[in-house]
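Data file: start_4.cif. Format and content: mmCIF, C-alpha atoms.
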data_run
loop_
_atom_site.label_atom_id
_atom_site.label_comp_id
_atom_site.auth_asym_id
_atom_site.auth_seq_id
_atom_site.Cartn_x
_atom_site.Cartn_y
_atom_site.Cartn_z
CA MET A 1 118.65 192.87 176.20
CA LEU A 2 122.31 193.99 175.98
CA PHE A 3 123.45 190.43 176.73
CA TRP A 4 121.56 188.96 173.78
CA ILE A 5 122.93 191.69 171.51
CA ILE A 6 126.46 190.76 172.61
CA VAL A 7 125.72 187.07 171.91
CA LYS A 8 124.23 187.91 168.51
CA VAL A 9 127.24 190.03 167.51
CA GLY A 10 129.60 187.28 168.78
CA LEU A 11 127.85 184.60 166.72
CA LYS A 12 127.91 186.84 163.65
CA SER A 13 131.63 187.38 164.07
CA LEU A 14 132.33 183.67 164.46
CA LEU A 15 130.19 182.75 161.45
CA ALA A 16 132.07 185.28 159.34
CA ASN A 17 135.16 183.05 159.73
CA LYS A 18 133.64 179.57 159.85
CA LEU A 19 136.79 177.55 159.18
CA ARG A 20 138.87 179.47 161.70
CA SER A 21 136.15 179.20 164.32
CA PHE A 22 135.83 175.46 163.72
CA LEU A 23 139.60 174.95 164.02
CA ALA A 24 139.57 176.87 167.31
CA MET A 25 136.67 174.69 168.44
CA LEU A 26 138.33 171.46 167.31
CA GLY A 27 140.77 171.35 170.22
CA ILE A 28 137.91 171.64 172.70
CA ILE A 29 135.90 168.99 170.83
CA ILE A 30 138.78 166.51 170.93
CA GLY A 31 139.54 167.31 174.57
CA VAL A 32 135.97 166.95 175.81
CA ALA A 33 135.38 163.81 173.73
CA SER A 34 138.55 162.28 175.19
CA VAL A 35 137.56 163.13 178.76
CA VAL A 36 134.02 161.77 178.35
CA ALA A 37 135.19 158.59 176.60
CA MET A 38 137.92 157.86 179.17
CA LEU A 39 135.65 158.53 182.15
CA SER A 40 132.95 156.34 180.58
CA ILE A 41 135.42 153.48 180.07
CA GLY A 42 136.67 153.89 183.66
CA ALA A 43 133.13 153.88 185.05
CA GLY A 44 132.21 150.88 182.91
CA ALA A 45 135.25 148.91 184.06
CA LYS A 46 134.49 149.75 187.69
CA ALA A 47 130.83 148.70 187.39
CA SER A 48 131.79 145.48 185.59
CA VAL A 49 134.30 144.36 188.22
CA LEU A 50 132.03 145.36 191.12
CA ASN A 51 129.23 143.30 189.55
CA ARG A 52 131.58 140.34 189.28
CA LEU A 53 132.63 140.71 192.90
CA SER A 54 129.01 141.00 194.01
CA SER A 55 128.07 137.92 191.97
CA MET A 56 130.54 135.90 194.06
CA GLY A 57 128.14 136.19 196.98
CA THR A 58 127.08 138.66 199.64
CA ASN A 59 128.50 139.07 203.16
CA LEU A 60 131.27 136.73 202.09
CA LEU A 61 134.44 135.62 203.87
CA VAL A 62 136.88 133.25 202.17
CA VAL A 63 139.44 131.38 204.27
CA ARG A 64 142.45 129.95 202.43
CA PRO A 65 145.73 128.40 203.54
CA GLY A 66 148.67 130.78 203.85
CA SER A 67 151.90 130.58 201.90
CA ARG A 68 154.81 128.66 203.31
CA GLY A 69 158.34 129.88 202.96
CA VAL A 70 161.53 130.94 204.68
CA ARG A 71 162.61 134.54 205.32
CA GLY A 72 159.84 135.99 203.21
CA VAL A 73 160.45 133.71 200.22
CA SER A 74 157.27 131.82 199.30
CA SER A 75 157.66 128.16 198.35
CA GLY A 76 154.03 127.18 197.90
CA THR A 77 150.71 127.00 199.71
CA GLN A 78 150.33 125.26 203.05
CA GLN A 79 147.90 122.36 203.40
CA ASN A 80 146.53 123.08 206.85
CA LEU A 81 142.76 123.67 206.57
CA THR A 82 140.62 120.76 207.70
CA LEU A 83 136.96 119.87 207.88
CA GLU A 84 137.27 120.15 211.67
CA ASP A 85 138.34 123.80 211.26
CA ALA A 86 135.13 124.53 209.34
CA GLN A 87 133.03 122.73 211.95
CA ALA A 88 134.70 124.66 214.78
CA MET A 89 133.97 127.99 213.08
CA LEU A 90 130.31 127.11 212.65
CA VAL A 91 129.99 126.14 216.32
CA GLU A 92 132.12 128.83 217.96
CA VAL A 93 131.70 131.95 215.80
CA SER A 94 128.45 133.86 216.12
CA GLY A 95 127.13 135.72 213.09
CA ILE A 96 127.73 132.93 210.55
CA GLU A 97 124.71 132.16 208.37
CA ARG A 98 126.22 129.42 206.17
CA ILE A 99 129.58 127.72 205.79
CA SER A 100 130.96 125.31 203.20
CA PRO A 101 134.27 123.51 202.73
CA VAL A 102 135.65 123.69 199.19
CA VAL A 103 138.15 121.54 197.32
CA SER A 104 138.82 122.00 193.63
CA GLY A 105 140.73 120.74 190.66
CA SER A 106 140.62 120.33 186.92
CA VAL A 107 139.32 117.11 185.37
CA GLN A 108 138.43 115.59 182.03
CA ALA A 109 134.65 115.26 181.84
CA LYS A 110 133.16 112.77 179.40
CA HIS A 111 129.69 111.70 178.28
CA MET A 112 129.39 109.19 175.45
CA ASN A 113 131.78 110.51 172.78
CA LYS A 114 131.87 114.09 174.11
CA ASN A 115 134.80 115.41 176.13
CA ALA A 116 135.31 118.70 177.95
CA ARG A 117 137.96 120.02 180.30
CA ALA A 118 136.17 121.41 183.35
CA SER A 119 136.87 122.80 186.79
CA VAL A 120 135.44 120.65 189.56
CA ASN A 121 134.47 122.16 192.91
CA GLY A 122 133.80 119.82 195.78
CA VAL A 123 131.32 121.75 197.94
CA GLY A 124 128.69 121.41 200.64
CA ALA A 125 124.94 121.78 200.24
CA THR A 126 125.15 125.44 201.36
CA TRP A 127 127.73 126.55 198.79
CA THR A 128 125.34 127.62 196.04
CA GLY A 129 123.55 129.90 198.50
CA ILE A 130 126.81 131.36 199.79
CA ARG A 131 128.12 132.06 196.27
CA ASP A 132 124.74 133.23 194.97
CA PHE A 133 124.27 130.48 192.38
CA THR A 134 120.82 129.36 191.24
CA VAL A 135 119.98 125.83 190.08
CA GLU A 136 118.01 126.22 186.84
CA LYS A 137 117.23 122.53 186.24
CA GLY A 138 116.96 119.73 188.74
CA ARG A 139 118.35 120.35 192.21
CA GLY A 140 121.53 121.04 194.09
CA ILE A 141 123.69 118.81 196.27
CA THR A 142 122.07 117.74 199.56
CA GLU A 143 123.60 117.32 203.01
CA VAL A 144 122.94 113.57 202.90
CA GLU A 145 124.85 113.26 199.61
CA ALA A 146 127.77 115.23 201.05
CA GLU A 147 127.91 113.13 204.22
CA SER A 148 127.53 109.85 202.33
CA THR A 149 130.22 110.51 199.70
CA MET A 150 127.74 110.05 196.87
CA ARG A 151 128.70 110.44 193.23
CA VAL A 152 126.33 113.16 192.11
CA ALA A 153 127.11 116.27 190.06
CA VAL A 154 125.62 119.67 189.25
CA LEU A 155 126.84 121.03 185.90
CA GLY A 156 127.49 124.56 184.81
CA PRO A 157 125.40 125.48 181.74
CA THR A 158 128.40 125.66 179.38
CA THR A 159 129.69 122.29 180.52
CA ALA A 160 126.20 120.81 180.15
CA GLU A 161 125.96 122.16 176.60
CA ASN A 162 129.44 120.87 175.69
CA LEU A 163 128.68 117.37 176.95
CA PHE A 164 125.00 116.98 176.02
CA GLU A 165 124.53 119.44 173.12
CA GLY A 166 121.05 120.58 174.12
CA ASN A 167 119.78 117.22 175.38
CA ASP A 168 118.46 116.92 178.91
CA PRO A 169 121.42 116.01 181.18
CA LEU A 170 119.34 115.20 184.28
CA ASN A 171 119.87 111.66 185.58
CA GLN A 172 122.48 111.04 182.91
CA VAL A 173 125.97 109.79 183.75
CA VAL A 174 129.17 111.76 183.21
CA LYS A 175 132.67 110.43 183.80
CA LEU A 176 135.07 112.62 185.77
CA ASN A 177 138.58 111.23 185.37
CA GLY A 178 136.95 107.89 184.61
CA ILE A 179 134.60 107.85 187.63
CA ASN A 180 130.84 107.79 187.00
CA PHE A 181 128.72 110.64 188.42
CA ARG A 182 124.96 111.06 188.07
CA VAL A 183 123.82 114.54 186.99
CA VAL A 184 121.19 115.92 189.38
CA GLY A 185 121.11 119.58 188.33
CA VAL A 186 122.25 122.38 186.01
CA LEU A 187 123.22 125.85 187.24
CA LYS A 188 121.81 129.08 185.85
CA SER A 189 124.28 131.00 183.70
CA LYS A 190 126.33 133.79 185.26
CA GLY A 191 128.46 134.67 182.25
CA ASP A 192 132.20 134.83 181.77
CA GLN A 193 133.99 136.66 184.59
CA GLY A 194 137.29 137.17 182.79
CA TRP A 195 139.73 135.14 184.86
CA PHE A 196 137.18 132.37 185.51
CA SER A 197 133.97 131.21 183.90
CA PRO A 198 131.51 129.85 186.50
CA ASP A 199 129.46 128.37 183.67
CA GLU A 200 132.20 125.82 182.91
CA GLN A 201 132.39 124.25 186.36
CA ILE A 202 131.03 121.05 187.89
CA LEU A 203 129.89 120.79 191.50
CA ILE A 204 130.17 117.53 193.44
CA PRO A 205 130.04 116.75 197.20
CA TYR A 206 133.27 117.81 198.93
CA THR A 207 133.64 114.39 200.60
CA THR A 208 133.49 112.66 197.23
CA ALA A 209 136.01 115.10 195.78
CA MET A 210 138.42 114.57 198.69
CA LYS A 211 138.24 110.80 199.04
CA GLN A 212 137.46 109.52 195.54
CA LEU A 213 138.45 112.11 192.94
CA PHE A 214 141.48 114.00 194.24
CA GLY A 215 142.63 111.94 197.24
CA LEU A 216 142.99 114.91 199.62
CA ASP A 217 143.04 115.12 203.41
CA ASN A 218 142.85 118.91 203.55
CA ILE A 219 140.50 121.43 201.96
CA ARG A 220 141.37 124.26 199.59
CA GLU A 221 139.19 126.93 201.20
CA ILE A 222 136.29 127.58 203.53
CA ASP A 223 133.53 129.87 202.27
CA ILE A 224 131.53 131.71 204.93
CA GLN A 225 128.40 133.81 204.58
CA ALA A 226 127.78 136.15 207.49
CA ALA A 227 124.24 136.55 208.81
CA GLU A 228 122.21 139.56 207.72
CA GLY A 229 123.20 142.57 209.82
CA ALA A 230 126.36 140.94 211.18
CA ASP A 231 129.58 142.94 211.04
CA LEU A 232 131.94 141.24 208.59
CA THR A 233 135.04 142.58 210.30
CA THR A 234 133.91 141.21 213.68
CA VAL A 235 133.15 137.79 212.16
CA GLN A 236 136.52 137.87 210.39
CA GLU A 237 138.37 138.54 213.65
CA ALA A 238 136.47 135.74 215.42
CA VAL A 239 137.29 133.29 212.61
CA SER A 240 140.98 134.22 212.85
CA LYS A 241 141.00 133.63 216.61
CA VAL A 242 139.45 130.17 216.21
CA LEU A 243 141.96 129.17 213.53
CA ARG A 244 144.97 130.51 215.45
CA ARG A 245 143.93 128.51 218.50
CA ARG A 246 143.29 125.34 216.50
CA HIS A 247 146.59 125.69 214.62
CA LYS A 248 148.40 126.33 217.93
CA LEU A 249 150.05 129.55 216.77
CA ALA A 250 152.07 131.57 219.27
CA ASP A 251 151.00 135.14 219.99
CA ASP A 252 153.90 136.57 217.99
CA ALA A 253 153.55 134.09 215.11
CA GLU A 254 152.11 135.10 211.77
CA ASP A 255 148.82 133.59 210.57
CA ASP A 256 149.25 130.43 208.53
CA PHE A 257 145.99 131.22 206.72
CA ASN A 258 144.34 134.13 204.89
CA VAL A 259 140.84 135.48 205.50
CA GLN A 260 139.52 137.61 202.64
CA ASN A 261 136.71 140.01 203.42
CA GLN A 262 134.54 140.72 200.38
CA ALA A 263 133.51 144.14 201.69
CA GLU A 264 137.18 145.13 202.03
CA MET A 265 137.88 143.83 198.53
CA ILE A 266 135.05 145.92 197.08
CA GLU A 267 136.14 149.02 199.01
CA THR A 268 139.77 148.61 197.97
CA PHE A 269 138.87 148.12 194.34
CA SER A 270 136.54 151.15 194.42
CA GLU A 271 139.41 153.30 195.68
CA VAL A 272 141.84 151.94 193.09
CA SER A 273 139.34 152.37 190.25
CA GLN A 274 138.63 155.93 191.37
CA VAL A 275 142.32 156.78 191.14
CA PHE A 276 142.48 155.05 187.76
CA THR A 277 139.48 157.01 186.46
CA VAL A 278 140.89 160.33 187.66
CA LEU A 279 144.21 159.46 185.99
CA LEU A 280 142.46 158.68 182.70
CA GLY A 281 140.43 161.89 182.90
CA GLY A 282 143.53 163.93 183.76
CA ILE A 283 145.48 162.60 180.80
CA ALA A 284 142.56 163.30 178.47
CA GLY A 285 142.14 166.74 180.07
CA ILE A 286 145.57 167.79 178.78
CA SER A 287 144.07 167.99 175.29
CA LEU A 288 141.53 170.45 176.70
CA LEU A 289 144.35 172.74 177.78
CA VAL A 290 145.83 172.48 174.29
CA GLY A 291 142.42 173.42 172.90
CA GLY A 292 142.30 176.41 175.24
CA ILE A 293 145.65 177.63 173.91
CA GLY A 294 144.18 177.37 170.42
CA ILE A 295 141.22 179.52 171.49
CA MET A 296 143.56 182.14 172.95
CA ASN A 297 145.55 182.21 169.73
CA ILE A 298 142.45 182.66 167.55
CA MET A 299 141.02 185.34 169.84
CA LEU A 300 144.29 187.31 169.77
CA VAL A 301 144.19 187.21 165.98
CA THR A 302 140.54 188.34 166.08
CA VAL A 303 141.38 191.28 168.33
CA THR A 304 144.14 192.33 165.96
CA GLU A 305 141.87 192.10 162.92
CA ARG A 306 139.09 194.11 164.61
CA THR A 307 141.26 196.83 166.11
CA ARG A 308 139.63 199.62 164.05
CA GLU A 309 136.16 198.27 164.96
CA ILE A 310 137.12 198.43 168.65
CA GLY A 311 138.40 201.99 168.20
CA ILE A 312 135.15 203.10 166.54
CA ARG A 313 133.03 201.50 169.27
CA LYS A 314 135.08 203.20 171.96
CA ALA A 315 134.91 206.54 170.12
CA ILE A 316 131.11 206.46 170.16
CA GLY A 317 130.96 205.64 173.88
CA ALA A 318 131.40 201.87 174.32
CA ARG A 319 132.73 201.06 177.79
CA ARG A 320 135.62 198.76 178.56
CA SER A 321 133.24 196.29 180.21
CA SER A 322 131.19 196.02 177.01
CA ILE A 323 134.28 195.31 174.89
CA LEU A 324 135.50 192.80 177.47
CA ALA A 325 132.09 191.08 177.55
CA GLN A 326 131.97 190.97 173.73
CA PHE A 327 135.23 189.07 173.23
CA LEU A 328 134.82 186.94 176.34
CA THR A 329 131.39 185.87 175.09
CA GLU A 330 132.85 184.84 171.74
CA SER A 331 135.46 182.74 173.55
CA ILE A 332 132.80 181.08 175.71
CA ILE A 333 130.61 180.38 172.67
CA VAL A 334 133.52 178.61 170.94
CA SER A 335 134.36 176.51 173.99
CA GLY A 336 130.67 175.87 174.83
CA LEU A 337 129.73 174.63 171.36
CA GLY A 338 132.91 172.59 171.23
CA GLY A 339 132.03 171.12 174.63
CA VAL A 340 128.53 170.06 173.54
CA ILE A 341 129.82 168.48 170.33
CA GLY A 342 132.63 166.84 172.31
CA VAL A 343 130.20 165.29 174.81
CA LEU A 344 128.15 163.79 171.99
CA GLY A 345 131.29 162.57 170.26
CA GLY A 346 132.73 161.14 173.49
CA ALA A 347 129.54 159.25 174.28
CA GLY A 348 129.49 157.85 170.74
CA LEU A 349 133.18 156.92 170.95
CA ALA A 350 132.66 155.12 174.27
CA ALA A 351 129.73 153.20 172.79
CA LEU A 352 131.81 152.18 169.77
CA ILE A 353 134.69 151.02 171.98
CA ALA A 354 132.28 148.97 174.11
CA THR A 355 130.67 147.46 171.00
CA PHE A 356 133.81 146.47 169.12
CA SER A 357 136.14 145.58 172.00
CA SER A 358 136.14 143.87 175.39
CA PHE A 359 136.32 147.19 177.25
CA PRO A 360 133.02 148.03 178.97
CA ALA A 361 131.80 151.62 178.94
CA LYS A 362 129.18 153.39 181.03
CA PHE A 363 128.20 156.93 180.08
CA GLU A 364 127.43 159.04 183.13
CA ILE A 365 125.80 162.45 183.10
CA THR A 366 128.22 163.60 185.81
CA SER A 367 131.13 162.98 183.43
CA ALA A 368 129.43 165.08 180.75
CA LEU A 369 128.72 167.92 183.19
CA LEU A 370 132.31 167.79 184.45
CA ALA A 371 133.69 167.98 180.92
CA LEU A 372 131.32 170.83 179.96
CA SER A 373 132.23 172.76 183.11
CA PHE A 374 135.92 172.35 182.37
CA ALA A 375 135.36 173.44 178.77
CA ALA A 376 133.56 176.60 179.99
CA PHE A 377 136.40 177.28 182.41
CA VAL A 378 138.93 176.88 179.59
CA GLY A 379 136.93 179.34 177.45
CA ILE A 380 136.87 181.93 180.22
CA PHE A 381 140.48 181.41 181.31
CA PHE A 382 142.05 181.50 177.86
CA GLY A 383 139.62 184.10 176.53
CA TRP A 384 140.23 186.56 179.36
CA TYR A 385 143.60 187.89 178.18
CA PRO A 386 142.53 188.60 174.54
CA ALA A 387 139.28 190.19 175.80
CA ARG A 388 141.14 192.33 178.33
CA ARG A 389 143.65 193.37 175.69
CA ALA A 390 140.79 194.44 173.41
CA ALA A 391 139.09 196.37 176.24
CA HIS A 392 142.25 198.32 177.09
CA LEU A 393 143.11 199.40 173.55
CA ASN A 394 143.66 203.15 173.20
CA PRO A 395 140.80 204.36 170.96
CA ILE A 396 143.00 206.90 169.11
CA GLU A 397 145.66 204.30 168.31
CA ALA A 398 142.95 201.79 167.39
CA LEU A 399 141.42 204.23 164.88
CA ARG A 400 144.83 204.80 163.28
CA TYR A 401 145.40 201.01 162.93
CA GLU A 402 145.48 199.70 159.37
#

Could I get this structure in the form of structure tokens?
Amino acid sequence: MLFWIIVKVGLKSLLANKLRSFLAMLGIIIGVASVVAMLSIGAGAKASVLNRLSSMGTNLLVVRPGSRGVRGVSSGTQQNLTLEDAQAMLVEVSGIERISPVVSGSVQAKHMNKNARASVNGVGATWTGIRDFTVEKGRGITEVEAESTMRVAVLGPTTAENLFEGNDPLNQVVKLNGINFRVVGVLKSKGDQGWFSPDEQILIPYTTAMKQLFGLDNIREIDIQAAEGADLTTVQEAVSKVLRRRHKLADDAEDDFNVQNQAEMIETFSEVSQVFTVLLGGIAGISLLVGGIGIMNIMLVTVTERTREIGIRKAIGARRSSILAQFLTESIIVSGLGGVIGVLGGAGLAALIATFSSFPAKFEITSALLALSFAAFVGIFFGWYPARRAAHLNPIEALRYE
């Protein structure tokens, strides 16, 4: 019962000076709103990039040529990956579910009087499965078409729309750098991924891309999907051993290729994004400390104004603990209400930022609880000294105070 009386008296005291109480609360509101908004933006950015990485395929290894250079100075990318390398991996490395050579380049695509600049990927029949693409219309590239250097193409949905404007592209002819290709399928949309839009690409057989479109003897990369349950690191090490042997590298020589492990990429990014989120929250948390200083200032003024009241309460038997609890409760009420309003404001601010900008935001209840807990801590920490000062006032001197 005593607790609720203390709360009631504290609320009455705060309402007696509404503007001053609001100004004391304002620092906490801004601080909590900043923390919640920044943590929401950090969580949204992390989720967005992880989704993009996951959309590239699961259990994925990507083999690319290494950089060539002298004494650590890069002078370009080596051209040393071959179709035989990909075949050797498939035969010699256990734990590989699918594998596909990849060559790529940019071309001018044309149909009738429509033109579009598009990225062309020369791939195998397994590539869409490795990279988690779905063919929405028609079909994908077959093994026979890849082995026979056939001129067939699967369009990304944006490219299909640019060239055909809503008309059915299946079995129609598109020109890629002046060469006719028959459209056999259209991919399902994946959306823009920032640095690259998979919806604007064109897939053709890798043999056709190498021999007829780009005139290449080597491949740009080899995409590998590990079997379900296989250890990606073990498969990665086995792939590296096969390539080092085929490229006749000495034991002390550096790899002339790079093998990217998707799991390692996701783990690394998660760690980096965690640091980034903590940094954002820490910067925003500084405003909470400023708000706490404001609370301490207001509470010190309140103690001074109510010195005679404190003296009277002590004269009629109030204990130090009751006085301490009274002023500490008022401090916690200010910070608590400010925290609740700040959480609502921060969630709204994050939603507005996500709506009117390219920054994603993801409100998480853990962020709100963290901000509220910190706000309560600030209220207790910065309210302790004014409350203790009030509790230790000499009742005789307090009664004399004017």

Straight-line distance linking CA of Asn167 in chain A with CA of Ser189 in chain A, stated in Å to one decimal: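 Interatomic distance here is 16.7 Å.
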
Can you translate the PyMOL selection byres ((chain A and resi 225-241) around 10) into the concrete residues it hits in this file, as an NGL selection string? :A and (57-63 or 85-86 or 88-90 or 92-100 or 126-127 or 129-131 or 223-224 or 242-247 or 249 or 255 or 257-264)

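One finds CA of Gly44 in chain A at 22.2 Å from CA of Ser287 in chain A.
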
Evaluated on this file, the PyMOL selection byres ((chain A and resi 289) around 12) picks out some residues - which ones are they, written as a PyMOL selection string? chain A and resi 27-32+35+282-288+290-296+335+374-379+381-382

With distances taken over only C-alpha atoms, which residue among A:Leu83, A:Ile219, A:Ile298, A:Ala37 lies nearest Ala387 in chain A?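 Nearest to Ala387 in chain A: A:Ile298.
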
Expand the PyMOL selection byres ((chain A and resi 214) around 10) into the individual residues it matches in the shown file, reporting them as a compact mmCIF listing (two decimals) with C-alpha atoms, keeping the file's coordinate frame.
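Writing the result to expr-v1.txt gives the following:
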# COMPACT_ATOMS: atom_id res chain seq x y z
CA VAL A 103 138.15 121.54 197.32
CA SER A 104 138.82 122.00 193.63
CA GLY A 105 140.73 120.74 190.66
CA SER A 106 140.62 120.33 186.92
CA VAL A 107 139.32 117.11 185.37
CA GLY A 122 133.80 119.82 195.78
CA ASN A 177 138.58 111.23 185.37
CA THR A 208 133.49 112.66 197.23
CA ALA A 209 136.01 115.10 195.78
CA MET A 210 138.42 114.57 198.69
CA LYS A 211 138.24 110.80 199.04
CA GLN A 212 137.46 109.52 195.54
CA LEU A 213 138.45 112.11 192.94
CA GLY A 215 142.63 111.94 197.24
CA LEU A 216 142.99 114.91 199.62
CA ASP A 217 143.04 115.12 203.41

Measuring atom to atom with only C-alpha atoms, identify which of A:Thr159, A:Ser322, A:Ser40, A:Asn218 is nearest to Glu84 in chain A.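 Looking at the shortest contact to Glu84 in chain A, the residue is A:Asn218.
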
Between CA of Thr277 in chain A and CA of Leu352 in chain A, measure the distance and give it in Å to one decimal.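 We find that CA of Thr277 in chain A and CA of Leu352 in chain A lie 19.0 Å from each other.
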
For Gly66 in chain A, which of A:Glu221, A:Arg20, A:Pro169, A:Gly345 is the closest residue, counting only C-alpha atoms?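 Of the candidates, the smallest distance to Gly66 in chain A is held by A:Glu221.
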
With distances taken over all atoms listed in the file, which of A:Gly383, A:Gly348, A:Pro360, A:Gly311 is nearest to Leu328 in chain A?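 That would be A:Gly383, the residue with the smallest distance to Leu328 in chain A.
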
So, with all atoms listed in the file as the atoms that count, which of A:Asn162, A:Asn17, A:Ala24, A:Ile41 lies closest to Ala351 in chain A?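 Looking at the shortest contact to Ala351 in chain A, the residue is A:Ile41.
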
Can you pull out every residue within 8 Å of Arg320 in chain A, counting only C-alpha atoms, but drop anything in the same chain fewer than 5 positions away, and send it as a list in words?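 Listing them by chain and then by number gives Lys314, Ala391 and His392 of chain A.
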
Shortest interatomic distance to Lys188 in chain A - which of A:Thr304, A:Asn80, A:Ser321, A:Thr128, counting all atoms listed in the file: A:Thr128

Neighbours of Asp199 in chain A within 7 Å (only C-alpha atoms; same-chain residues fewer than 5 positions away dropped), as a PyMOL selection string? chain A and resi 156-159+189-191

What's around range 110-121 of chain A at 9 Å? Count only C-alpha atoms, leave out sequence neighbours fewer than 5 positions away in its own chain, and write the answer as a ChimeraX atom specification. /A:102-105,159,162-164,172-178,198,200-206,209

Once 3 Å is added on each side, what centre and edge lengths in Å to one decimal does the axis-aligned box around all listed atoms of range 368-383 of chain A have, as lines of an AutoDock Vina configuration file?
center_x = 135.4
center_y = 174.6
center_z = 180.5
size_x = 19.3
size_y = 25.0
size_z = 13.9

Near Thr142 in chain A, within 9 Å and counting only C-alpha atoms, which residues show up once chain neighbours fewer than 2 positions away are dropped, as an mmCIF file with C-alpha atoms, in the frame of the given file?
data_model
loop_
_atom_site.group_PDB
_atom_site.id
_atom_site.type_symbol
_atom_site.label_atom_id
_atom_site.label_comp_id
_atom_site.auth_asym_id
_atom_site.auth_seq_id
_atom_site.Cartn_x
_atom_site.Cartn_y
_atom_site.Cartn_z
ATOM 1 C CA GLY A 124 128.690 121.410 200.640
ATOM 2 C CA ALA A 125 124.940 121.780 200.240
ATOM 3 C CA THR A 126 125.150 125.440 201.360
ATOM 4 C CA ARG A 139 118.350 120.350 192.210
ATOM 5 C CA GLY A 140 121.530 121.040 194.090
ATOM 6 C CA VAL A 144 122.940 113.570 202.900
ATOM 7 C CA GLU A 145 124.850 113.260 199.610
ATOM 8 C CA ALA A 146 127.770 115.230 201.050
ATOM 9 C CA GLU A 147 127.910 113.130 204.220
ATOM 10 C CA PRO A 205 130.040 116.750 197.200
#

Show which residues sit within 10 Å of range 362-365 of chain A, as an MDAnalysis selection string. Count all atoms listed in the file, and ignore same-chain residues fewer than 3 positions away. chainID A and resid 36:48 343 346:348 350:351 354 368:371

How would the residues just chosen look if you wrote them out with C-alpha atoms as a compact mmCIF listing (two decimals), keeping the file's coordinate frame?
# COMPACT_ATOMS: atom_id res chain seq x y z
CA VAL A 36 134.02 161.77 178.35
CA ALA A 37 135.19 158.59 176.60
CA MET A 38 137.92 157.86 179.17
CA LEU A 39 135.65 158.53 182.15
CA SER A 40 132.95 156.34 180.58
CA ILE A 41 135.42 153.48 180.07
CA GLY A 42 136.67 153.89 183.66
CA ALA A 43 133.13 153.88 185.05
CA GLY A 44 132.21 150.88 182.91
CA ALA A 45 135.25 148.91 184.06
CA LYS A 46 134.49 149.75 187.69
CA ALA A 47 130.83 148.70 187.39
CA SER A 48 131.79 145.48 185.59
CA VAL A 343 130.20 165.29 174.81
CA GLY A 346 132.73 161.14 173.49
CA ALA A 347 129.54 159.25 174.28
CA GLY A 348 129.49 157.85 170.74
CA ALA A 350 132.66 155.12 174.27
CA ALA A 351 129.73 153.20 172.79
CA ALA A 354 132.28 148.97 174.11
CA ALA A 368 129.43 165.08 180.75
CA LEU A 369 128.72 167.92 183.19
CA LEU A 370 132.31 167.79 184.45
CA ALA A 371 133.69 167.98 180.92
